[in-house]
Amino acid sequence: MPENTGLFISFEGGEGAGKSTQIKILAETLRERGFEVIVTREPGGSPGAEAVRHVLLSGAAEPFGVRMEAMLFAAARNDHVEEVIRPALGKGAVVLCDRFLDSSRVYQGTTGNLEPEFIETLQRIAIDGTMPDLTLIFDIPAAAGLARARKRADDGATPDRFEKEELETHEKRREAYLDIALNEPRRCRTVNADQPQDKVTADVLSLVEPLLEKIKARTDVTQ
Ligand SMILES: Nc1ncnc2c1ncn2[C@@H]1O[C@H](COP(=O)(O)OP(=O)(O)OP(=O)(O)O)[C@@H](O)[C@H]1O
Ligand SMILES: [Mg+2]
């Protein structure tokens, strides 16, 4: 396993919270500062995992039950970690990942009613020790996030299998994310996503900046 000299940041939260928007902005900022940045997403991010992404988001796996879906997510995550994330961290890159293991805990665990032990076992196998250094949890009332996502759908994107669910389900997910943030305060930071875009961008950067110092220090040591 290559030594991890990079920085791994995952972006989490409900639909329309602004994760993809902010990842793009942060990636540009960090590249301007001279960091090597890999932007990736789940489900997907590697050729094997992208093949599974389609099966999951189209709803093709839905009739076979949430356990099957959870295992497919885990299979995709394992491929993504092995093929993309770990090698990038090994060469000192900043990896920005749009959703990661907390999405499984929330979507398949809390709102899929799968036992937490089952989800945690799957995650252990999927990530094989590669945890994010920082997880940004984008918090927004579910209705506001969905309204943003629907506006985006008006621009031509069709809602996926998960966007179509009830508002109540989306609110449960919001609570589940906040619980994760509470239980894992060293790794997780909550971002108030219900603000103008530039304010969210500033908040994200202020949370990431302290970690950049660490990666710089690590890189200096190894050079
Ligand atoms: N702070 C903001 N205020 C208002 N609109 C925003 C803000 N951030 C993003 N948007 C808009 O809201 C929509 C959803 O944003 P985005 O796609 O980044 O969310 P997401 O968290 O990636 O959603 P998903 O989980 O569905 O992929 C986009 O049309 C985006 O331009
Ligand atoms: Mg997105």
# chains A, B, ... in the order shown; residues from 1 in each chain; ligands from 1
>>> closest_atom_pairs(of="chain A", to="ligand 1", cutoff="6 Å", atoms="only C-alpha atoms and all ligand atoms", output="Markdown table")
| residue | atom | partner | partner_atom_place_in_ligand_line | distance |
| --- | --- | --- | --- | --- |
| A:Gly14 | CA | ligand 1 | 25 (O) | 5.4 |
| A:Glu15 | CA | ligand 1 | 25 (O) | 3.5 |
| A:Gly16 | CA | ligand 1 | 23 (O) | 3.6 |
| A:Ala17 | CA | ligand 1 | 21 (O) | 3.8 |
| A:Gly18 | CA | ligand 1 | 18 (O) | 3.2 |
| A:Lys19 | CA | ligand 1 | 21 (O) | 3.8 |
| A:Ser20 | CA | ligand 1 | 22 (O) | 3.8 |
| A:Thr21 | CA | ligand 1 | 18 (O) | 3.7 |
| A:Arg148 | CA | ligand 1 | 12 (O) | 4.4 |
| A:Ala149 | CA | ligand 1 | 14 (C) | 4.9 |
| A:Arg152 | CA | ligand 1 | 29 (O) | 4.5 |
| A:Gln195 | CA | ligand 1 | 1 (N) | 5.1 |
| A:Pro196 | CA | ligand 1 | 1 (N) | 4.2 |
| A:Gln197 | CA | ligand 1 | 1 (N) | 3.4 |
>>> write_last_selection(atoms="N, CA and C atoms", output="PDB file, in the first residue's frame")
ATOM      1  N   GLY A  14     -27.475  16.170   1.365  1.00  0.00           N
ATOM      2  CA  GLY A  14     -28.608  15.771   0.521  1.00  0.00           C
ATOM      3  C   GLY A  14     -28.547  16.358  -0.885  1.00  0.00           C
ATOM      4  N   GLU A  15     -29.543  15.991  -1.670  1.00  0.00           N
ATOM      5  CA  GLU A  15     -29.654  16.468  -3.042  1.00  0.00           C
ATOM      6  C   GLU A  15     -29.765  17.992  -3.085  1.00  0.00           C
ATOM      7  N   GLY A  16     -29.065  18.582  -4.026  1.00  0.00           N
ATOM      8  CA  GLY A  16     -29.186  20.027  -4.239  1.00  0.00           C
ATOM      9  C   GLY A  16     -28.501  20.890  -3.189  1.00  0.00           C
ATOM     10  N   ALA A  17     -27.734  20.281  -2.309  1.00  0.00           N
ATOM     11  CA  ALA A  17     -27.090  21.056  -1.235  1.00  0.00           C
ATOM     12  C   ALA A  17     -25.965  21.939  -1.770  1.00  0.00           C
ATOM     13  N   GLY A  18     -25.409  21.572  -2.922  1.00  0.00           N
ATOM     14  CA  GLY A  18     -24.339  22.380  -3.516  1.00  0.00           C
ATOM     15  C   GLY A  18     -22.968  21.717  -3.496  1.00  0.00           C
ATOM     16  N   LYS A  19     -22.924  20.412  -3.244  1.00  0.00           N
ATOM     17  CA  LYS A  19     -21.651  19.682  -3.162  1.00  0.00           C
ATOM     18  C   LYS A  19     -20.852  19.792  -4.460  1.00  0.00           C
ATOM     19  N   SER A  20     -21.503  19.450  -5.576  1.00  0.00           N
ATOM     20  CA  SER A  20     -20.781  19.422  -6.860  1.00  0.00           C
ATOM     21  C   SER A  20     -20.317  20.826  -7.243  1.00  0.00           C
ATOM     22  N   THR A  21     -21.168  21.816  -6.972  1.00  0.00           N
ATOM     23  CA  THR A  21     -20.816  23.214  -7.256  1.00  0.00           C
ATOM     24  C   THR A  21     -19.560  23.606  -6.486  1.00  0.00           C
ATOM     25  N   ARG A 148     -33.687  23.316  -5.279  1.00  0.00           N
ATOM     26  CA  ARG A 148     -32.518  23.578  -6.130  1.00  0.00           C
ATOM     27  C   ARG A 148     -32.317  22.454  -7.147  1.00  0.00           C
ATOM     28  N   ALA A 149     -32.431  21.210  -6.648  1.00  0.00           N
ATOM     29  CA  ALA A 149     -32.209  20.065  -7.542  1.00  0.00           C
ATOM     30  C   ALA A 149     -33.271  20.038  -8.643  1.00  0.00           C
ATOM     31  N   ARG A 152     -32.556  22.497 -11.263  1.00  0.00           N
ATOM     32  CA  ARG A 152     -31.526  21.933 -12.125  1.00  0.00           C
ATOM     33  C   ARG A 152     -32.182  20.954 -13.110  1.00  0.00           C
ATOM     34  N   GLN A 195     -26.963  29.193   2.179  1.00  0.00           N
ATOM     35  CA  GLN A 195     -26.437  30.552   2.109  1.00  0.00           C
ATOM     36  C   GLN A 195     -26.082  30.823   0.651  1.00  0.00           C
ATOM     37  N   PRO A 196     -25.858  32.101   0.322  1.00  0.00           N
ATOM     38  CA  PRO A 196     -25.412  32.392  -1.042  1.00  0.00           C
ATOM     39  C   PRO A 196     -24.118  31.634  -1.361  1.00  0.00           C
ATOM     40  N   GLN A 197     -23.957  31.332  -2.628  1.00  0.00           N
ATOM     41  CA  GLN A 197     -22.863  30.461  -3.052  1.00  0.00           C
ATOM     42  C   GLN A 197     -21.479  30.950  -2.588  1.00  0.00           C
TER      43      GLN A 197
END
>>> closest_residue(among="A:Arg86, A:Lys214, A:Arg173, A:Arg99", to="ligand 2", atoms="only C-alpha atoms and all ligand atoms")
A:Arg99
>>> residues_around(residues="Ala93 in chain A", least_positions_apart="6", cutoff="8 Å", atoms="only C-alpha atoms", output="list of chain:residue names")
A:Thr5, A:Gly6, A:Leu7, A:Phe35, A:Glu36, A:Val37, A:Ile38
>>> residues_around(residues="Asp194 in chain A", least_positions_apart="6", cutoff="8 Å", atoms="only C-alpha atoms", output="PyMOL selection string")
chain A and resi 17+139-141+144
>>> write_last_selection(atoms="N, CA and C atoms", output="compact mmCIF listing (two decimals), in the first residue's frame")
# COMPACT_ATOMS: atom_id res chain seq x y z
N ALA A 17 -27.73 20.28 -2.31
CA ALA A 17 -27.09 21.06 -1.24
C ALA A 17 -25.97 21.94 -1.77
N ASP A 139 -25.28 21.11 4.93
CA ASP A 139 -26.57 21.03 5.61
C ASP A 139 -27.53 22.09 5.08
N ILE A 140 -28.69 21.63 4.66
CA ILE A 140 -29.72 22.54 4.13
C ILE A 140 -31.08 21.88 4.39
N PRO A 141 -32.14 22.66 4.71
CA PRO A 141 -33.45 22.01 4.82
C PRO A 141 -33.75 21.24 3.55
N ALA A 144 -35.47 22.96 0.62
CA ALA A 144 -34.67 23.95 -0.11
C ALA A 144 -33.69 23.25 -1.06
>>> residues_around(residues="range 127-131 of chain A", least_positions_apart="3", cutoff="10 Å", atoms="only C-alpha atoms", output="PyMOL selection string")
chain A and resi 4+8-10+74-75+77-82+85-86+89+100-101+122-124+134-135+187
>>> select_by_dssp(residues="range 117-206 of chain A", states="helix (DSSP H, G or I)", output="number ranges by chain")
A: 117-127, 142-154, 167-183, 197-206
>>> write_last_selection(atoms="N, CA and C atoms", output="compact mmCIF listing (two decimals), in the first residue's frame")
# COMPACT_ATOMS: atom_id res chain seq x y z
N GLU A 117 -24.81 -2.63 11.55
CA GLU A 117 -23.66 -3.57 11.55
C GLU A 117 -23.38 -4.04 10.13
N PHE A 118 -24.46 -4.29 9.37
CA PHE A 118 -24.31 -4.77 7.99
C PHE A 118 -23.60 -3.69 7.16
N ILE A 119 -24.07 -2.45 7.32
CA ILE A 119 -23.47 -1.33 6.56
C ILE A 119 -22.01 -1.15 6.97
N GLU A 120 -21.73 -1.20 8.27
CA GLU A 120 -20.35 -0.97 8.72
C GLU A 120 -19.42 -2.06 8.22
N THR A 121 -19.90 -3.31 8.21
CA THR A 121 -19.07 -4.41 7.70
C THR A 121 -18.76 -4.18 6.22
N LEU A 122 -19.78 -3.81 5.47
CA LEU A 122 -19.56 -3.53 4.03
C LEU A 122 -18.55 -2.40 3.85
N GLN A 123 -18.67 -1.36 4.68
CA GLN A 123 -17.76 -0.21 4.52
C GLN A 123 -16.33 -0.61 4.82
N ARG A 124 -16.16 -1.46 5.85
CA ARG A 124 -14.79 -1.88 6.20
C ARG A 124 -14.12 -2.56 5.01
N ILE A 125 -14.90 -3.40 4.34
CA ILE A 125 -14.35 -4.10 3.17
C ILE A 125 -14.14 -3.11 2.03
N ALA A 126 -15.11 -2.23 1.82
CA ALA A 126 -15.05 -1.31 0.67
C ALA A 126 -13.87 -0.36 0.77
N ILE A 127 -13.67 0.27 1.91
CA ILE A 127 -12.63 1.32 1.99
C ILE A 127 -11.28 0.76 2.41
N ALA A 142 -34.32 20.05 3.72
CA ALA A 142 -34.50 19.16 2.56
C ALA A 142 -35.30 19.84 1.45
N ALA A 143 -36.33 20.61 1.83
CA ALA A 143 -37.18 21.24 0.81
C ALA A 143 -36.37 22.22 -0.03
N ALA A 144 -35.47 22.96 0.62
CA ALA A 144 -34.67 23.95 -0.11
C ALA A 144 -33.69 23.25 -1.06
N GLY A 145 -33.09 22.17 -0.59
CA GLY A 145 -32.16 21.41 -1.43
C GLY A 145 -32.87 20.81 -2.63
N LEU A 146 -34.05 20.24 -2.36
CA LEU A 146 -34.81 19.61 -3.46
C LEU A 146 -35.26 20.65 -4.48
N ALA A 147 -35.64 21.84 -3.97
CA ALA A 147 -36.06 22.91 -4.90
C ALA A 147 -34.90 23.25 -5.83
N ARG A 148 -33.69 23.32 -5.28
CA ARG A 148 -32.52 23.58 -6.13
C ARG A 148 -32.32 22.45 -7.15
N ALA A 149 -32.43 21.21 -6.65
CA ALA A 149 -32.21 20.07 -7.54
C ALA A 149 -33.27 20.04 -8.64
N ARG A 150 -34.52 20.43 -8.28
CA ARG A 150 -35.61 20.43 -9.29
C ARG A 150 -35.37 21.50 -10.32
N LYS A 151 -34.86 22.65 -9.86
CA LYS A 151 -34.57 23.74 -10.78
C LYS A 151 -33.53 23.26 -11.81
N ARG A 152 -32.56 22.50 -11.26
CA ARG A 152 -31.53 21.93 -12.13
C ARG A 152 -32.18 20.95 -13.11
N ALA A 153 -33.18 20.17 -12.61
CA ALA A 153 -33.88 19.22 -13.49
C ALA A 153 -34.60 19.94 -14.62
N ASP A 154 -35.12 21.14 -14.31
CA ASP A 154 -35.79 21.92 -15.37
C ASP A 154 -34.82 22.24 -16.50
N LEU A 167 -40.33 13.89 0.70
CA LEU A 167 -39.66 14.94 1.47
C LEU A 167 -39.26 14.45 2.87
N GLU A 168 -40.16 13.67 3.47
CA GLU A 168 -39.91 13.15 4.82
C GLU A 168 -38.63 12.30 4.85
N THR A 169 -38.45 11.52 3.82
CA THR A 169 -37.25 10.68 3.71
C THR A 169 -36.00 11.56 3.62
N HIS A 170 -36.10 12.64 2.85
CA HIS A 170 -34.95 13.53 2.71
C HIS A 170 -34.63 14.22 4.04
N GLU A 171 -35.67 14.56 4.81
CA GLU A 171 -35.44 15.18 6.12
C GLU A 171 -34.76 14.20 7.07
N LYS A 172 -35.15 12.92 7.00
CA LYS A 172 -34.51 11.89 7.84
C LYS A 172 -33.03 11.81 7.50
N ARG A 173 -32.73 11.94 6.24
CA ARG A 173 -31.32 11.88 5.81
C ARG A 173 -30.54 13.06 6.37
N ARG A 174 -31.19 14.21 6.36
CA ARG A 174 -30.51 15.40 6.91
C ARG A 174 -30.14 15.14 8.37
N GLU A 175 -31.11 14.62 9.14
CA GLU A 175 -30.86 14.32 10.55
C GLU A 175 -29.74 13.30 10.71
N ALA A 176 -29.75 12.29 9.84
CA ALA A 176 -28.73 11.23 9.93
C ALA A 176 -27.34 11.81 9.67
N TYR A 177 -27.24 12.71 8.72
CA TYR A 177 -25.95 13.36 8.45
C TYR A 177 -25.50 14.17 9.67
N LEU A 178 -26.44 14.89 10.28
CA LEU A 178 -26.08 15.70 11.45
C LEU A 178 -25.62 14.82 12.61
N ASP A 179 -26.22 13.63 12.72
CA ASP A 179 -25.79 12.67 13.76
C ASP A 179 -24.35 12.22 13.51
N ILE A 180 -24.04 11.96 12.25
CA ILE A 180 -22.67 11.52 11.92
C ILE A 180 -21.69 12.63 12.32
N ALA A 181 -22.04 13.87 11.99
CA ALA A 181 -21.16 15.00 12.31
C ALA A 181 -20.95 15.09 13.83
N LEU A 182 -22.00 14.82 14.56
CA LEU A 182 -21.94 14.89 16.02
C LEU A 182 -21.07 13.76 16.59
N ASN A 183 -21.21 12.57 15.99
CA ASN A 183 -20.49 11.40 16.50
C ASN A 183 -19.04 11.34 16.07
N GLN A 197 -23.96 31.33 -2.63
CA GLN A 197 -22.86 30.46 -3.05
C GLN A 197 -21.48 30.95 -2.59
N ASP A 198 -21.23 32.26 -2.69
CA ASP A 198 -19.87 32.74 -2.34
C ASP A 198 -19.61 32.63 -0.84
N LYS A 199 -20.66 32.71 -0.04
CA LYS A 199 -20.50 32.54 1.41
C LYS A 199 -20.15 31.08 1.72
N VAL A 200 -20.82 30.16 1.04
CA VAL A 200 -20.52 28.73 1.24
C VAL A 200 -19.07 28.46 0.82
N THR A 201 -18.67 29.05 -0.31
CA THR A 201 -17.29 28.87 -0.80
C THR A 201 -16.28 29.32 0.25
N ALA A 202 -16.54 30.47 0.87
CA ALA A 202 -15.62 31.00 1.88
C ALA A 202 -15.58 30.07 3.10
N ASP A 203 -16.74 29.56 3.50
CA ASP A 203 -16.78 28.65 4.67
C ASP A 203 -16.01 27.37 4.38
N VAL A 204 -16.19 26.84 3.17
CA VAL A 204 -15.48 25.60 2.79
C VAL A 204 -13.98 25.83 2.85
N LEU A 205 -13.52 26.92 2.28
CA LEU A 205 -12.08 27.19 2.25
C LEU A 205 -11.52 27.35 3.66
N SER A 206 -12.28 27.98 4.53
CA SER A 206 -11.76 28.18 5.90
C SER A 206 -11.64 26.85 6.63
>>> atom_distance(atom1="CA of Ala88 in chain A", atom2="CA of Thr29 in chain A")
18.5 Å
>>> select_by_dssp(residues="range 69-196 of chain A", states="strand (DSSP E or B)", output="number ranges by chain")
A: 94-98, 134-139, 188-192
>>> write_last_selection(atoms="N, CA and C atoms", output="mmCIF file, in the first residue's frame")
data_model
loop_
_atom_site.group_PDB
_atom_site.id
_atom_site.type_symbol
_atom_site.label_atom_id
_atom_site.label_comp_id
_atom_site.auth_asym_id
_atom_site.auth_seq_id
_atom_site.Cartn_x
_atom_site.Cartn_y
_atom_site.Cartn_z
ATOM 1 N N VAL A 94 -4.412 16.081 -3.622
ATOM 2 C CA VAL A 94 -5.626 16.356 -2.850
ATOM 3 C C VAL A 94 -6.774 15.673 -3.596
ATOM 4 N N VAL A 95 -7.470 14.788 -2.926
ATOM 5 C CA VAL A 95 -8.598 14.085 -3.549
ATOM 6 C C VAL A 95 -9.895 14.669 -2.998
ATOM 7 N N LEU A 96 -10.715 15.210 -3.903
ATOM 8 C CA LEU A 96 -12.024 15.749 -3.516
ATOM 9 C C LEU A 96 -13.080 14.786 -4.037
ATOM 10 N N CYS A 97 -13.816 14.174 -3.129
ATOM 11 C CA CYS A 97 -14.754 13.118 -3.532
ATOM 12 C C CYS A 97 -16.198 13.531 -3.225
ATOM 13 N N ASP A 98 -17.006 13.558 -4.271
ATOM 14 C CA ASP A 98 -18.412 13.930 -4.198
ATOM 15 C C ASP A 98 -19.188 12.698 -3.727
ATOM 16 N N LEU A 134 -11.004 14.680 6.027
ATOM 17 C CA LEU A 134 -12.038 15.666 6.349
ATOM 18 C C LEU A 134 -13.298 15.338 5.554
ATOM 19 N N THR A 135 -14.436 15.404 6.236
ATOM 20 C CA THR A 135 -15.717 15.246 5.547
ATOM 21 C C THR A 135 -16.543 16.505 5.788
ATOM 22 N N LEU A 136 -16.920 17.164 4.696
ATOM 23 C CA LEU A 136 -17.746 18.363 4.796
ATOM 24 C C LEU A 136 -19.194 17.943 4.583
ATOM 25 N N ILE A 137 -20.019 18.180 5.598
ATOM 26 C CA ILE A 137 -21.429 17.804 5.509
ATOM 27 C C ILE A 137 -22.232 19.058 5.194
ATOM 28 N N PHE A 138 -22.749 19.107 3.986
ATOM 29 C CA PHE A 138 -23.522 20.263 3.526
ATOM 30 C C PHE A 138 -24.931 20.161 4.071
ATOM 31 N N ASP A 139 -25.285 21.114 4.929
ATOM 32 C CA ASP A 139 -26.571 21.033 5.612
ATOM 33 C C ASP A 139 -27.529 22.088 5.079
ATOM 34 N N CYS A 188 -15.473 15.173 10.749
ATOM 35 C CA CYS A 188 -16.593 15.837 10.064
ATOM 36 C C CYS A 188 -16.773 17.291 10.479
ATOM 37 N N ARG A 189 -17.105 18.124 9.511
ATOM 38 C CA ARG A 189 -17.484 19.513 9.768
ATOM 39 C C ARG A 189 -18.789 19.790 9.020
ATOM 40 N N THR A 190 -19.703 20.481 9.687
ATOM 41 C CA THR A 190 -20.959 20.831 9.029
ATOM 42 C C THR A 190 -20.798 22.185 8.344
ATOM 43 N N VAL A 191 -21.302 22.281 7.124
ATOM 44 C CA VAL A 191 -21.274 23.538 6.380
ATOM 45 C C VAL A 191 -22.716 24.005 6.214
ATOM 46 N N ASN A 192 -22.993 25.258 6.579
ATOM 47 C CA ASN A 192 -24.337 25.792 6.333
ATOM 48 C C ASN A 192 -24.479 26.044 4.829
#
>>> residues_around(residues="Gly59 in chain A", least_positions_apart="6", cutoff="10 Å", atoms="only C-alpha atoms", output="number ranges by chain")
A: 69, 160-162
>>> atom_distance(atom1="CA of Glu184 in chain A", atom2="CA of Glu209 in chain A")
19.6 Å
>>> decode(residues="range 37-132 of chain A", atoms="C-alpha atoms", output="short mmCIF file (atom, residue, chain, number, x, y, z; two decimals), in the first residue's frame")
data_model
loop_
_atom_site.label_atom_id
_atom_site.label_comp_id
_atom_site.auth_asym_id
_atom_site.auth_seq_id
_atom_site.Cartn_x
_atom_site.Cartn_y
_atom_site.Cartn_z
CA VAL A 37 -6.14 17.93 -7.29
CA ILE A 38 -8.21 14.89 -8.25
CA VAL A 39 -11.97 15.44 -8.39
CA THR A 40 -14.01 12.29 -8.24
CA ARG A 41 -17.50 11.12 -7.31
CA GLU A 42 -19.59 8.25 -6.05
CA PRO A 43 -21.14 6.03 -7.07
CA GLY A 44 -18.48 5.82 -9.76
CA GLY A 45 -15.10 7.48 -10.13
CA SER A 46 -13.31 4.50 -11.73
CA PRO A 47 -14.29 2.57 -14.88
CA GLY A 48 -15.53 -0.42 -12.87
CA ALA A 49 -17.50 1.74 -10.47
CA GLU A 50 -18.98 3.91 -13.24
CA ALA A 51 -20.40 0.72 -14.80
CA VAL A 52 -22.16 0.00 -11.49
CA ARG A 53 -23.27 3.66 -11.11
CA HIS A 54 -25.65 3.35 -14.00
CA VAL A 55 -27.26 0.23 -12.54
CA LEU A 56 -27.76 1.98 -9.19
CA LEU A 57 -28.99 5.42 -10.27
CA SER A 58 -31.30 4.19 -13.03
CA GLY A 59 -33.15 2.12 -10.41
CA ALA A 60 -32.32 -1.15 -12.21
CA ALA A 61 -31.13 -2.73 -8.95
CA GLU A 62 -34.06 -1.40 -6.88
CA PRO A 63 -36.39 -4.42 -7.39
CA PHE A 64 -33.71 -6.69 -5.89
CA GLY A 65 -33.79 -4.88 -2.57
CA VAL A 66 -31.74 -2.45 -0.57
CA ARG A 67 -29.26 -5.12 0.58
CA MET A 68 -28.33 -5.81 -3.01
CA GLU A 69 -28.03 -2.08 -3.68
CA ALA A 70 -25.81 -1.62 -0.62
CA MET A 71 -23.49 -4.40 -1.78
CA LEU A 72 -23.28 -2.89 -5.25
CA PHE A 73 -22.41 0.49 -3.74
CA ALA A 74 -19.71 -1.20 -1.68
CA ALA A 75 -18.31 -3.05 -4.71
CA ALA A 76 -18.15 0.21 -6.64
CA ARG A 77 -16.51 1.99 -3.69
CA ASN A 78 -13.85 -0.68 -3.32
CA ASP A 79 -12.91 -0.40 -7.00
CA HIS A 80 -12.86 3.39 -6.74
CA VAL A 81 -10.62 3.34 -3.66
CA GLU A 82 -8.19 0.80 -5.12
CA GLU A 83 -7.98 2.25 -8.62
CA VAL A 84 -8.23 6.00 -8.06
CA ILE A 85 -8.27 7.32 -4.49
CA ARG A 86 -5.44 5.40 -2.86
CA PRO A 87 -2.98 5.81 -5.75
CA ALA A 88 -3.71 9.57 -5.86
CA LEU A 89 -3.17 9.93 -2.10
CA GLY A 90 0.01 7.92 -2.45
CA LYS A 91 1.48 10.49 -4.78
CA GLY A 92 0.51 13.42 -2.56
CA ALA A 93 -2.58 14.70 -4.38
CA VAL A 94 -5.63 16.36 -2.85
CA VAL A 95 -8.60 14.09 -3.55
CA LEU A 96 -12.02 15.75 -3.52
CA CYS A 97 -14.75 13.12 -3.53
CA ASP A 98 -18.41 13.93 -4.20
CA ARG A 99 -20.10 11.51 -1.72
CA PHE A 100 -18.36 8.62 0.01
CA LEU A 101 -19.09 6.12 2.78
CA ASP A 102 -21.40 8.42 4.79
CA SER A 103 -23.82 8.39 1.86
CA SER A 104 -24.16 4.62 2.32
CA ARG A 105 -24.68 5.01 6.04
CA VAL A 106 -27.43 7.56 5.43
CA TYR A 107 -29.15 6.34 2.24
CA GLN A 108 -28.92 2.56 2.66
CA GLY A 109 -28.54 2.51 6.45
CA THR A 110 -30.89 5.09 7.94
CA THR A 111 -33.45 5.46 5.16
CA GLY A 112 -32.94 2.00 3.63
CA ASN A 113 -33.55 0.41 7.05
CA LEU A 114 -30.46 -1.78 6.82
CA GLU A 115 -28.85 -2.77 10.09
CA PRO A 116 -25.92 -0.49 10.99
CA GLU A 117 -23.66 -3.57 11.55
CA PHE A 118 -24.31 -4.77 7.99
CA ILE A 119 -23.47 -1.33 6.56
CA GLU A 120 -20.35 -0.97 8.72
CA THR A 121 -19.07 -4.41 7.70
CA LEU A 122 -19.56 -3.53 4.03
CA GLN A 123 -17.76 -0.21 4.52
CA ARG A 124 -14.79 -1.88 6.20
CA ILE A 125 -14.35 -4.10 3.17
CA ALA A 126 -15.05 -1.31 0.67
CA ILE A 127 -12.63 1.32 1.99
CA ASP A 128 -10.03 -1.07 3.44
CA GLY A 129 -8.62 1.59 5.77
CA THR A 130 -8.82 4.62 3.47
CA MET A 131 -10.90 7.15 5.41
CA PRO A 132 -11.33 10.83 4.50
#
